[in-house]
file data_18.pdb (PDB, C-alpha atoms)
ATOM      1  CA  MET A  19       0.000   0.000   0.000  1.00  0.00           C
ATOM      2  CA  GLY A  20       2.740   2.463   0.964  1.00  0.00           C
ATOM      3  CA  ALA A  21       4.874   1.555  -2.059  1.00  0.00           C
ATOM      4  CA  CYS A  22       1.904   2.051  -4.384  1.00  0.00           C
ATOM      5  CA  LEU A  23       1.235   5.464  -2.873  1.00  0.00           C
ATOM      6  CA  LEU A  24       4.888   6.436  -3.210  1.00  0.00           C
ATOM      7  CA  LEU A  25       4.962   5.311  -6.848  1.00  0.00           C
ATOM      8  CA  THR A  26       1.800   7.273  -7.604  1.00  0.00           C
ATOM      9  CA  ALA A  27       3.235  10.404  -5.992  1.00  0.00           C
ATOM     10  CA  ALA A  28       6.477  10.031  -7.964  1.00  0.00           C
ATOM     11  CA  LEU A  29       4.552   9.668 -11.237  1.00  0.00           C
ATOM     12  CA  LEU A  30       2.439  12.727 -10.469  1.00  0.00           C
ATOM     13  CA  LEU A  31       5.569  14.766  -9.746  1.00  0.00           C
ATOM     14  CA  LEU A  32       7.131  13.684 -13.020  1.00  0.00           C
ATOM     15  CA  TRP A  33       4.051  14.741 -15.036  1.00  0.00           C
ATOM     16  CA  THR A  34       3.980  18.288 -13.671  1.00  0.00           C
ATOM     17  CA  PRO A  35       5.498  21.155 -15.699  1.00  0.00           C
ATOM     18  CA  ALA A  36       7.949  21.912 -12.860  1.00  0.00           C
ATOM     19  CA  ALA A  37       9.448  18.463 -13.310  1.00  0.00           C
ATOM     20  CA  GLU A  38      10.074  19.226 -16.962  1.00  0.00           C
ATOM     21  CA  ALA A  39      12.266  22.140 -15.905  1.00  0.00           C
ATOM     22  CA  LEU A  40      14.565  19.758 -14.058  1.00  0.00           C
ATOM     23  CA  MET A  41      17.150  18.325 -16.338  1.00  0.00           C
ATOM     24  CA  GLU A  42      18.698  14.964 -15.640  1.00  0.00           C
ATOM     25  CA  PRO A  43      21.765  16.214 -13.683  1.00  0.00           C
ATOM     26  CA  GLU A  44      19.671  18.306 -11.314  1.00  0.00           C
ATOM     27  CA  LEU A  45      17.392  15.372 -10.618  1.00  0.00           C
ATOM     28  CA  CYS A  46      20.419  13.192  -9.886  1.00  0.00           C
ATOM     29  CA  TYR A  47      21.792  15.798  -7.481  1.00  0.00           C
ATOM     30  CA  ILE A  48      18.503  15.895  -5.613  1.00  0.00           C
ATOM     31  CA  LEU A  49      18.337  12.103  -5.389  1.00  0.00           C
ATOM     32  CA  ASP A  50      21.979  11.985  -4.265  1.00  0.00           C
ATOM     33  CA  ALA A  51      21.239  14.471  -1.491  1.00  0.00           C
ATOM     34  CA  ILE A  52      18.249  12.414  -0.340  1.00  0.00           C
ATOM     35  CA  LEU A  53      20.330   9.234  -0.301  1.00  0.00           C
ATOM     36  CA  PHE A  54      23.153  11.017   1.524  1.00  0.00           C
ATOM     37  CA  LEU A  55      20.818  12.234   4.255  1.00  0.00           C
ATOM     38  CA  TYR A  56      19.236   8.791   4.485  1.00  0.00           C
ATOM     39  CA  GLY A  57      22.689   7.247   4.959  1.00  0.00           C
ATOM     40  CA  ILE A  58      23.558   9.738   7.693  1.00  0.00           C
ATOM     41  CA  VAL A  59      20.303   9.064   9.561  1.00  0.00           C
ATOM     42  CA  LEU A  60      20.793   5.301   9.378  1.00  0.00           C
ATOM     43  CA  THR A  61      24.407   5.601  10.547  1.00  0.00           C
ATOM     44  CA  VAL A  62      23.401   7.745  13.524  1.00  0.00           C
ATOM     45  CA  LEU A  63      20.628   5.321  14.496  1.00  0.00           C
ATOM     46  CA  TYR A  64      22.988   2.341  14.176  1.00  0.00           C
ATOM     47  CA  CYS A  65      25.670   3.988  16.345  1.00  0.00           C
ATOM     48  CA  ARG A  66      23.047   4.968  18.915  1.00  0.00           C
ATOM     49  CA  LEU A  67      21.836   1.372  19.053  1.00  0.00           C
ATOM     50  CA  LYS A  68      25.380   0.067  19.523  1.00  0.00           C
ATOM     51  CA  PHE A  69      26.142   2.563  22.296  1.00  0.00           C
ATOM     52  CA  LEU A  70      22.905   1.753  24.112  1.00  0.00           C
ATOM     53  CA  ALA A  71      23.607  -1.976  23.871  1.00  0.00           C
ATOM     54  CA  CYS A  72      27.144  -1.458  25.158  1.00  0.00           C
ATOM     55  CA  ARG A  73      25.893   0.665  28.059  1.00  0.00           C
ATOM     56  CA  ALA A  74      23.220  -1.904  28.925  1.00  0.00           C
ATOM     57  CA  SER A  75      25.770  -4.727  28.960  1.00  0.00           C
ATOM     58  CA  ARG A  76      28.017  -2.715  31.279  1.00  0.00           C
ATOM     59  CA  GLN A  77      25.145  -2.019  33.645  1.00  0.00           C
ATOM     60  CA  GLY A  78      24.138  -5.670  33.517  1.00  0.00           C
ATOM     61  CA  ALA A  79      27.697  -6.701  34.424  1.00  0.00           C
ATOM     62  CA  SER A  80      27.763  -4.328  37.400  1.00  0.00           C
ATOM     63  CA  LYS A  81      24.380  -5.631  38.587  1.00  0.00           C
ATOM     64  CA  GLN A  82      25.651  -9.186  38.248  1.00  0.00           C
ATOM     65  CA  GLN A  83      28.712  -8.333  40.367  1.00  0.00           C
ATOM     66  CA  ASN A  84      26.439  -6.839  43.018  1.00  0.00           C
ATOM     67  CA  GLU A  85      24.323 -10.004  43.060  1.00  0.00           C
ATOM     68  CA  GLU A  86      27.447 -12.134  43.406  1.00  0.00           C
ATOM     69  CA  THR A  87      28.448 -10.231  46.524  1.00  0.00           C
ATOM     70  CA  ILE A  88      24.979 -10.778  48.009  1.00  0.00           C
ATOM     71  CA  TYR A  89      25.164 -14.555  47.615  1.00  0.00           C
ATOM     72  CA  THR A  90      28.824 -14.963  48.535  1.00  0.00           C
ATOM     73  CA  GLY A  91      28.035 -16.648  51.849  1.00  0.00           C
ATOM     74  CA  LEU A  92      25.978 -19.400  50.254  1.00  0.00           C
ATOM     75  CA  SER A  93      27.698 -22.500  49.005  1.00  0.00           C
ATOM     76  CA  GLY A  94      26.345 -25.739  47.676  1.00  0.00           C
ATOM     77  CA  GLU A  95      29.490 -27.834  47.990  1.00  0.00           C
ATOM     78  CA  GLY A  96      27.973 -30.403  50.326  1.00  0.00           C
ATOM     79  CA  GLN A  97      24.782 -30.837  48.321  1.00  0.00           C
ATOM     80  CA  GLU A  98      24.218 -32.821  45.206  1.00  0.00           C
ATOM     81  CA  MET A  99      22.720 -31.073  42.262  1.00  0.00           C
ATOM     82  CA  TYR A 100      19.943 -33.604  41.852  1.00  0.00           C
ATOM     83  CA  GLU A 101      18.606 -35.845  44.545  1.00  0.00           C
ATOM     84  CA  THR A 102      17.431 -39.317  43.607  1.00  0.00           C
ATOM     85  CA  LEU A 103      13.866 -40.190  44.439  1.00  0.00           C
ATOM     86  CA  GLN A 104      13.108 -43.409  46.267  1.00  0.00           C
ATOM     87  CA  ILE A 105      10.304 -45.280  44.612  1.00  0.00           C
ATOM     88  CA  LYS A 106       8.069 -47.120  47.063  1.00  0.00           C
ATOM     89  CA  ARG A 107       6.860 -50.390  45.644  1.00  0.00           C
ATOM     90  CA  SER A 108       3.885 -52.050  47.224  1.00  0.00           C
TER      91      SER A 108
END

call {"tool": "encode", "arguments": {"input": "data_18.pdb", "output": "structure tokens"}}
result
Amino acid sequence: MGACLLLTAALLLLWTPAAEALMEPELCYILDAILFLYGIVLTVLYCRLKFLACRASRQGASKQQNEETIYTGLSGEGQEMYETLQIKRS
């Protein structure tokens, strides 16, 4: 739906007399500027995402270190991981 609307708008712009005034080089310059701005926006969003992920991993590591200090006194050395169940047969 959105692509169809965009295509229709582009065709309408090309059929107007103002579009006839634009020669091919000017149209290419405009499209290059749009693509350049699009690339800058995507790069900024990508870097922002990477920095936020890096910051979240650092905060997660500090929270994990805090949790480790809370449970330092607990140890499970004398316990088995899984206890076997005794089946009663009658």

call {"tool": "atom_distance", "arguments": {"input": "data_18.pdb", "atom1": "CA of Leu49 (chain A)", "atom2": "CA of Leu24 (chain A)"}}
result
14.8 Å

call {"tool": "atom_distance", "arguments": {"input": "data_18.pdb", "atom1": "CA of Ile58 (chain A)", "atom2": "CA of Ala74 (chain A)"}}
result
24.2 Å

call {"tool": "atom_distance", "arguments": {"input": "data_18.pdb", "atom1": "CA of Phe69 (chain A)", "atom2": "CA of Phe54 (chain A)"}}
result
22.6 Å
